[in-house]
file protein_13.txt (compact mmCIF, C-alpha atoms and all ligand atoms)
# COMPACT_ATOMS: atom_id res chain seq x y z
CA MET S 6 -2.09 24.82 2.09
CA ARG S 7 -1.69 21.03 2.04
CA PHE S 8 -4.34 18.87 0.41
CA VAL S 9 -4.52 15.10 0.06
CA PHE S 10 -6.69 13.86 -2.82
CA PHE S 11 -8.19 10.63 -1.64
CA GLY S 12 -10.41 8.00 -3.25
CA ALA S 13 -10.56 4.73 -5.16
CA PRO S 14 -8.53 4.24 -8.33
CA GLY S 15 -10.41 6.11 -11.03
CA ALA S 16 -12.13 8.40 -8.51
CA GLY S 17 -10.61 11.39 -10.32
CA LYS S 18 -7.75 12.24 -7.98
CA GLY S 19 -5.26 12.87 -10.76
CA THR S 20 -7.65 14.88 -12.92
CA MET S 21 -8.86 17.05 -10.03
CA ALA S 22 -5.36 17.56 -8.63
CA ALA S 23 -4.16 18.72 -12.07
CA GLU S 24 -7.00 21.26 -12.29
CA ALA S 25 -6.40 22.46 -8.73
CA SER S 26 -2.68 22.79 -9.39
CA LYS S 27 -3.36 25.11 -12.34
CA GLU S 28 -5.97 27.11 -10.44
CA PHE S 29 -4.24 27.53 -7.09
CA GLY S 30 -0.54 27.26 -8.06
CA LEU S 31 0.27 24.36 -5.76
CA PRO S 32 2.50 21.49 -6.97
CA HIS S 33 0.68 18.29 -7.95
CA ILE S 34 2.55 15.33 -6.46
CA SER S 35 1.34 11.93 -7.67
CA SER S 36 2.96 8.85 -6.14
CA GLY S 37 1.83 6.82 -9.16
CA GLU S 38 3.52 9.31 -11.54
CA LEU S 39 6.71 9.26 -9.46
CA PHE S 40 6.78 5.48 -9.87
CA ARG S 41 5.90 5.57 -13.56
CA ALA S 42 8.70 8.09 -14.17
CA ALA S 43 11.13 5.76 -12.36
CA ILE S 44 9.95 2.89 -14.56
CA ARG S 45 10.39 4.97 -17.75
CA GLU S 46 13.91 5.89 -16.66
CA CYS S 47 14.69 2.24 -15.81
CA SER S 48 16.15 3.41 -12.48
CA PRO S 49 16.82 0.80 -9.78
CA LEU S 50 13.56 1.81 -8.08
CA GLY S 51 11.70 1.56 -11.40
CA LEU S 52 12.96 -1.96 -12.01
CA GLN S 53 12.01 -2.90 -8.46
CA VAL S 54 8.39 -1.71 -8.70
CA LYS S 55 7.51 -2.35 -12.37
CA GLU S 56 6.04 -5.79 -11.90
CA LEU S 57 4.13 -4.96 -8.70
CA ILE S 58 2.48 -1.94 -10.32
CA GLY S 59 1.69 -3.80 -13.54
CA ARG S 60 -0.33 -6.36 -11.67
CA GLY S 61 -2.12 -3.82 -9.48
CA SER S 62 -0.45 -4.48 -6.13
CA LEU S 63 0.77 -1.76 -3.79
CA VAL S 64 4.44 -0.85 -3.62
CA PRO S 65 5.86 -1.58 -0.12
CA ASP S 66 5.45 1.26 2.38
CA ASP S 67 9.18 1.89 2.95
CA LEU S 68 9.88 2.53 -0.76
CA THR S 69 6.73 4.61 -1.19
CA ILE S 70 7.30 6.74 1.89
CA LYS S 71 10.89 7.40 0.83
CA ILE S 72 10.09 8.57 -2.70
CA VAL S 73 7.18 10.78 -1.57
CA HIS S 74 9.09 12.30 1.34
CA GLU S 75 11.98 13.16 -0.98
CA ARG S 76 9.58 14.92 -3.31
CA LEU S 77 7.91 16.80 -0.44
CA ALA S 78 11.32 18.07 0.63
CA SER S 79 11.91 19.94 -2.64
CA PRO S 80 11.64 23.75 -2.51
CA ASP S 81 8.47 24.05 -4.62
CA ALA S 82 6.57 22.01 -2.03
CA ALA S 83 7.57 24.18 0.92
CA ASN S 84 4.41 26.30 0.91
CA GLY S 85 1.86 23.63 0.16
CA TRP S 86 1.05 20.75 -2.13
CA LEU S 87 -1.61 18.52 -3.63
CA LEU S 88 -0.91 14.87 -2.91
CA ASP S 89 -2.51 12.33 -5.25
CA GLY S 90 -2.30 8.59 -4.52
CA PHE S 91 -0.52 8.97 -1.19
CA PRO S 92 -1.19 7.98 1.57
CA ARG S 93 -2.78 4.64 0.74
CA THR S 94 -2.08 2.72 3.96
CA ILE S 95 -2.21 3.56 7.67
CA PRO S 96 1.62 3.55 8.04
CA GLN S 97 1.87 5.98 5.10
CA ALA S 98 -0.74 8.24 6.68
CA ARG S 99 1.12 8.18 10.00
CA SER S 100 4.41 9.02 8.29
CA LEU S 101 2.84 12.00 6.57
CA SER S 102 1.29 13.30 9.77
CA GLU S 103 4.76 13.17 11.34
CA ILE S 104 6.79 14.90 8.65
CA ASP S 105 4.40 17.27 6.87
CA PRO S 106 0.79 17.03 8.09
CA GLU S 107 -2.09 17.65 5.68
CA ASP S 108 -4.63 20.41 6.24
CA TYR S 109 -7.45 18.69 4.37
CA VAL S 110 -8.21 15.34 2.77
CA ILE S 111 -10.56 15.66 -0.20
CA ASP S 112 -12.41 12.35 -0.39
CA LEU S 113 -13.74 11.79 -3.92
CA GLU S 114 -16.65 9.38 -3.55
CA VAL S 115 -17.52 7.17 -6.54
CA SER S 116 -19.26 3.84 -7.12
CA ASP S 117 -17.44 0.66 -8.22
CA GLU S 118 -19.29 0.69 -11.56
CA LYS S 119 -18.00 4.18 -12.33
CA VAL S 120 -14.45 3.18 -11.39
CA ILE S 121 -14.48 0.23 -13.78
CA GLU S 122 -16.00 2.30 -16.60
CA ARG S 123 -13.42 5.07 -16.16
CA LEU S 124 -10.32 2.90 -15.83
CA SER S 125 -11.12 0.55 -18.68
CA GLY S 126 -11.36 3.42 -21.19
CA ARG S 127 -8.55 5.55 -19.78
CA ARG S 128 -5.75 6.88 -21.99
CA MET S 129 -2.69 8.69 -20.63
CA CYS S 130 -0.19 11.27 -21.83
CA GLY S 131 3.31 10.16 -20.90
CA LYS S 132 4.62 13.68 -21.20
CA CYS S 133 2.31 15.74 -18.97
CA GLY S 134 0.53 12.93 -17.10
CA ARG S 135 -2.95 14.11 -18.11
CA SER S 136 -5.58 11.43 -18.48
CA TYR S 137 -8.32 11.08 -21.08
CA HIS S 138 -11.12 8.61 -21.72
CA VAL S 139 -12.16 7.14 -25.07
CA THR S 140 -15.82 8.12 -24.60
CA LEU S 141 -16.17 10.10 -21.34
CA LYS S 142 -13.32 12.57 -21.98
CA PRO S 143 -11.88 12.13 -25.48
CA PRO S 144 -8.97 14.29 -26.65
CA LYS S 145 -9.68 16.76 -29.48
CA VAL S 146 -7.71 14.63 -31.95
CA ALA S 147 -8.13 10.88 -31.46
CA ASN S 148 -5.40 9.43 -29.28
CA ILE S 149 -3.30 12.63 -29.12
CA CYS S 150 -2.74 14.80 -26.01
CA ASP S 151 -4.49 18.20 -26.39
CA TYR S 152 -1.57 19.95 -24.71
CA CYS S 153 1.54 18.06 -25.81
CA GLY S 154 0.56 16.69 -29.22
CA VAL S 155 2.07 13.30 -28.41
CA PRO S 156 0.30 9.93 -28.75
CA LEU S 157 -1.54 8.63 -25.69
CA TYR S 158 -0.87 5.24 -24.11
CA ILE S 159 -2.82 2.73 -22.02
CA ARG S 160 -1.44 2.21 -18.53
CA GLU S 161 -0.17 -1.31 -18.00
CA ASP S 162 -2.34 -1.69 -14.88
CA ASP S 163 -5.55 -0.53 -16.64
CA ASN S 164 -6.50 -4.08 -17.63
CA VAL S 165 -9.53 -5.91 -16.20
CA GLU S 166 -7.52 -8.14 -13.88
CA SER S 167 -5.37 -5.37 -12.39
CA ILE S 168 -8.37 -3.05 -12.11
CA ARG S 169 -10.18 -5.70 -10.02
CA ARG S 170 -7.15 -6.15 -7.83
CA ARG S 171 -6.71 -2.39 -7.34
CA ILE S 172 -10.35 -2.00 -6.27
CA GLU S 173 -9.94 -4.87 -3.81
CA THR S 174 -6.66 -3.41 -2.50
CA TYR S 175 -8.36 -0.06 -2.09
CA ARG S 176 -11.17 -1.66 -0.08
CA VAL S 177 -8.89 -3.61 2.23
CA GLN S 178 -5.87 -1.33 2.70
CA THR S 179 -6.87 2.21 1.77
CA ALA S 180 -10.55 2.70 2.63
CA PRO S 181 -9.81 2.31 6.40
CA LEU S 182 -7.97 5.65 6.13
CA VAL S 183 -11.37 7.35 5.95
CA ASP S 184 -11.84 6.65 9.67
CA PHE S 185 -8.26 7.70 10.40
CA TYR S 186 -8.84 11.07 8.73
CA ARG S 187 -12.33 11.47 10.12
CA SER S 188 -10.84 11.19 13.61
CA ARG S 189 -8.32 13.92 12.72
CA ALA S 190 -11.19 16.07 11.44
CA THR S 191 -9.44 16.77 8.14
CA LEU S 192 -11.78 14.72 5.92
CA VAL S 193 -13.86 16.62 3.36
CA PRO S 194 -16.14 14.33 1.31
CA ILE S 195 -17.23 15.34 -2.19
CA ASP S 196 -19.41 13.53 -4.75
CA GLY S 197 -17.06 12.38 -7.53
CA GLU S 198 -19.63 10.55 -9.64
CA GLY S 199 -20.30 13.32 -12.18
CA ASP S 200 -18.19 14.30 -15.20
CA ALA S 201 -14.85 16.04 -14.69
CA THR S 202 -16.24 19.51 -15.44
CA SER S 203 -19.05 19.37 -12.90
CA VAL S 204 -16.94 17.78 -10.14
CA TRP S 205 -14.26 20.44 -10.71
CA HIS S 206 -16.87 23.21 -10.59
CA GLU S 207 -17.90 22.09 -7.12
CA LEU S 208 -14.40 21.29 -5.89
CA ARG S 209 -12.97 24.64 -6.99
CA ILE S 210 -15.50 26.50 -4.85
CA LEU S 211 -14.92 24.15 -1.94
CA MET S 212 -11.13 24.49 -2.04
CA ALA S 213 -11.29 28.28 -2.35
CA ARG S 214 -13.50 28.39 0.73
CA LEU S 215 -11.10 26.15 2.67
CA MET S 216 -8.21 28.45 1.70
CA GLY S 217 -10.18 31.62 2.45
CA LEU S 218 -9.77 32.80 -1.17
CA GLN S 219 -12.20 34.89 -3.21
CA LEU S 220 -12.80 33.43 -6.69
CA VAL S 221 -13.07 36.00 -9.51
CA ASP S 222 -15.62 34.21 -11.72
P1 LIG I 301 -4.71 4.63 -9.40
O1 LIG I 301 -5.17 5.60 -8.35
O2 LIG I 301 -5.47 4.73 -10.68
O3 LIG I 301 -4.62 3.21 -8.94
P2 LIG I 301 -1.93 5.65 -9.25
O4 LIG I 301 -1.30 6.29 -10.41
O5 LIG I 301 -2.22 6.48 -8.04
O6 LIG I 301 -3.25 5.00 -9.84
O7 LIG I 301 -1.06 4.40 -8.76
C1 LIG I 301 -0.65 3.39 -9.65
C2 LIG I 301 0.04 2.27 -8.90
O8 LIG I 301 1.24 2.77 -8.27
C3 LIG I 301 -0.74 1.65 -7.75
O9 LIG I 301 -1.64 0.63 -8.17
C4 LIG I 301 0.39 1.09 -6.89
O10 LIG I 301 0.93 -0.09 -7.43
C5 LIG I 301 1.46 2.17 -7.01
N1 LIG I 301 1.27 3.19 -5.96
C6 LIG I 301 0.94 4.49 -6.15
N2 LIG I 301 0.85 5.14 -4.99
C7 LIG I 301 1.11 4.23 -4.01
C8 LIG I 301 1.14 4.26 -2.59
N3 LIG I 301 0.87 5.40 -1.92
N4 LIG I 301 1.46 3.13 -1.92
C9 LIG I 301 1.73 2.00 -2.57
N5 LIG I 301 1.70 1.88 -3.90
C10 LIG I 301 1.40 2.97 -4.63
ZN ZN I 302 0.25 15.80 -22.49
call {"tool": "encode", "arguments": {"input": "protein_13.txt", "output": "structure tokens"}}
result
Amino acid sequence: MRFVFFGAPGAGKGTMAAEASKEFGLPHISSGELFRAAIRECSPLGLQVKELIGRGSLVPDDLTIKIVHERLASPDAANGWLLDGFPRTIPQARSLSEIDPEDYVIDLEVSDEKVIERLSGRRMCGKCGRSYHVTLKPPKVANICDYCGVPLYIREDDNVESIRRRIETYRVQTAPLVDFYRSRATLVPIDGEGDATSVWHELRILMARLMGLQLVD
């Protein structure tokens, strides 16, 4: 089954998609991670998008659509996927509906205050892409990934100025997708305000029901 994880920056898309990937065995495809990997590798694409991403602007649609479509074409994505961070604009949503249409769009609803609180304390693992938070979701050992044992880093765009711009960009360019998906009847809203454990508890049940699966515990 094909799920889009939708919501503001900091809504919990990445965290929930990672949990769902483990639980349901579907690949987690994050457009932001695809770009950050390109930046780490200093590939031509990475060099092209580094500055845009650092200041919290969107990458142009043509580049974004290309990198995501390439990833969706790989064999592990043939039987379903969890998309995180894509689509973010109407042209991106249209492109997806043409090449590999989603079954459901999970809309994680959170307030602006929560978004700012989460993003300004966020810490990332560069190896596995998991995210932590200094107070809301600290790793077991300060500043070290629980799974990889490597030091965490702060994303370049998790600074006050870029966070503000990303929220504004979300409002103007991405939020209108809610109507687009509502009209396609694939939108499934869920309250994303709680902590990661309680949101996941609810989402796990919801996704299992959508997939017609029986959960064991
Ligand atoms: P967040 O949801 O916290 O903003 P992401 O990791 O999804 O973080 O994205 C980080 C940045 O990567 C975005 O601010 C944007 O610059 C770029 N990006 C990611 N996905 C897209 C997309 N679908 N379209 C355009 N730019 C994107
Ligand atoms: Zn890790």
call {"tool": "residues_near_ligand", "arguments": {"input": "protein_13.txt", "ligand": "ligand LIG 301 (chain I)", "cutoff": "7 Å", "atoms": "all atoms listed in the file", "output": "list of chain:residue names"}}
result
S:Ala13, S:Pro14, S:Gly15, S:Ser35, S:Ser36, S:Gly37, S:Glu38, S:Phe40, S:Leu57, S:Ile58, S:Gly61, S:Ser62, S:Leu63, S:Val64, S:Pro65, S:Asp66, S:Thr69, S:Asp89, S:Gly90, S:Phe91, S:Pro92, S:Arg93, S:Thr94, S:Arg171
call {"tool": "closest_residue", "arguments": {"input": "protein_13.txt", "among": "S:Glu161, S:Glu173, S:Asp222, S:Asp151", "to": "ligand ZN 302 (chain I)", "atoms": "all atoms listed in the file"}}
result
S:Asp151
call {"tool": "closest_atom_pairs", "arguments": {"input": "protein_13.txt", "of": "chain S", "to": "ligand ZN 302 (chain I)", "cutoff": "6 Å", "atoms": "all atoms listed in the file", "output": "tab-separated table"}}
result
residue	atom	partner	partner_atom	distance
S:Cys130	CA	I:ZN302	ZN	4.6
S:Lys132	CA	I:ZN302	ZN	5.0
S:Cys133	CA	I:ZN302	ZN	4.1
S:Arg135	CA	I:ZN302	ZN	5.7
S:Cys150	CA	I:ZN302	ZN	4.7
S:Tyr152	CA	I:ZN302	ZN	5.0
S:Cys153	CA	I:ZN302	ZN	4.2
call {"tool": "atom_distance", "arguments": {"input": "protein_13.txt", "atom1": "atom CA of S:Leu50", "atom2": "atom CA of S:Gly85"}}
result
26.1 Å
call {"tool": "closest_residue", "arguments": {"input": "protein_13.txt", "among": "S:Ile104, S:Met129, S:Ala83, S:Leu215", "to": "S:Arg160", "atoms": "all atoms listed in the file"}}
result
S:Met129
call {"tool": "residues_near_point", "arguments": {"input": "protein_13.txt", "point": "(-19.7, 13.3, -6.4)", "cutoff": "12 Å", "atoms": "all atoms listed in the file", "output": "ChimeraX atom specification"}}
result
/S:12,16-17,111-116,119,193-208
call {"tool": "write_last_selection", "arguments": {"input": "protein_13.txt", "atoms": "C-alpha atoms", "output": "PDB file, keeping the file's coordinate frame"}}
result
ATOM      1  CA  GLY S  12     -10.410   8.000  -3.250  1.00  0.00           C
ATOM      2  CA  ALA S  16     -12.130   8.400  -8.510  1.00  0.00           C
ATOM      3  CA  GLY S  17     -10.610  11.390 -10.320  1.00  0.00           C
ATOM      4  CA  ILE S 111     -10.560  15.660  -0.200  1.00  0.00           C
ATOM      5  CA  ASP S 112     -12.410  12.350  -0.390  1.00  0.00           C
ATOM      6  CA  LEU S 113     -13.740  11.790  -3.920  1.00  0.00           C
ATOM      7  CA  GLU S 114     -16.650   9.380  -3.550  1.00  0.00           C
ATOM      8  CA  VAL S 115     -17.520   7.170  -6.540  1.00  0.00           C
ATOM      9  CA  SER S 116     -19.260   3.840  -7.120  1.00  0.00           C
ATOM     10  CA  LYS S 119     -18.000   4.180 -12.330  1.00  0.00           C
ATOM     11  CA  VAL S 193     -13.860  16.620   3.360  1.00  0.00           C
ATOM     12  CA  PRO S 194     -16.140  14.330   1.310  1.00  0.00           C
ATOM     13  CA  ILE S 195     -17.230  15.340  -2.190  1.00  0.00           C
ATOM     14  CA  ASP S 196     -19.410  13.530  -4.750  1.00  0.00           C
ATOM     15  CA  GLY S 197     -17.060  12.380  -7.530  1.00  0.00           C
ATOM     16  CA  GLU S 198     -19.630  10.550  -9.640  1.00  0.00           C
ATOM     17  CA  GLY S 199     -20.300  13.320 -12.180  1.00  0.00           C
ATOM     18  CA  ASP S 200     -18.190  14.300 -15.200  1.00  0.00           C
ATOM     19  CA  ALA S 201     -14.850  16.040 -14.690  1.00  0.00           C
ATOM     20  CA  THR S 202     -16.240  19.510 -15.440  1.00  0.00           C
ATOM     21  CA  SER S 203     -19.050  19.370 -12.900  1.00  0.00           C
ATOM     22  CA  VAL S 204     -16.940  17.780 -10.140  1.00  0.00           C
ATOM     23  CA  TRP S 205     -14.260  20.440 -10.710  1.00  0.00           C
ATOM     24  CA  HIS S 206     -16.870  23.210 -10.590  1.00  0.00           C
ATOM     25  CA  GLU S 207     -17.900  22.090  -7.120  1.00  0.00           C
ATOM     26  CA  LEU S 208     -14.400  21.290  -5.890  1.00  0.00           C
TER      27      LEU S 208
END
call {"tool": "atom_distance", "arguments": {"input": "protein_13.txt", "atom1": "atom CA of S:Val177", "atom2": "atom CA of S:Ile95"}}
result
11.2 Å
call {"tool": "atom_distance", "arguments": {"input": "protein_13.txt", "atom1": "atom CA of S:Tyr137", "atom2": "atom CA of S:Glu122"}}
result
12.5 Å
call {"tool": "closest_residue", "arguments": {"input": "protein_13.txt", "among": "S:Leu220, S:Val165, S:Leu141, S:Val146", "to": "S:Ser125", "atoms": "all atoms listed in the file"}}
result
S:Val165
call {"tool": "closest_residue", "arguments": {"input": "protein_13.txt", "among": "S:Val110, S:Met212, S:Leu88, S:Ala82", "to": "S:Val183", "atoms": "all atoms listed in the file"}}
result
S:Val110
call {"tool": "closest_residue", "arguments": {"input": "protein_13.txt", "among": "S:Leu87, S:His138, S:Cys47, S:Glu28", "to": "S:Tyr109", "atoms": "all atoms listed in the file"}}
result
S:Leu87
call {"tool": "closest_residue", "arguments": {"input": "protein_13.txt", "among": "S:Lys145, S:Lys71, S:Lys55, S:Arg169", "to": "S:Ser100", "atoms": "all atoms listed in the file"}}
result
S:Lys71
call {"tool": "residues_near_point", "arguments": {"input": "protein_13.txt", "point": "(-13.5, -1.1, -18.6)", "cutoff": "9 Å", "atoms": "all atoms listed in the file", "output": "list in words"}}
result
Val120, Ile121, Glu122, Arg123, Leu124, Ser125, Gly126, Arg127, Asp163, Asn164, Val165 and Ile168 of chain S
call {"tool": "residues_around", "arguments": {"input": "protein_13.txt", "residues": "S:Val221", "least_positions_apart": "3", "cutoff": "12 Å", "atoms": "all atoms listed in the file", "output": "ChimeraX atom specification"}}
result
/S:28,209-210,213,218
call {"tool": "write_last_selection", "arguments": {"input": "protein_13.txt", "atoms": "C-alpha atoms", "output": "PDB file, keeping the file's coordinate frame"}}
result
ATOM      1  CA  GLU S  28      -5.970  27.110 -10.440  1.00  0.00           C
ATOM      2  CA  ARG S 209     -12.970  24.640  -6.990  1.00  0.00           C
ATOM      3  CA  ILE S 210     -15.500  26.500  -4.850  1.00  0.00           C
ATOM      4  CA  ALA S 213     -11.290  28.280  -2.350  1.00  0.00           C
ATOM      5  CA  LEU S 218      -9.770  32.800  -1.170  1.00  0.00           C
TER       6      LEU S 218
END
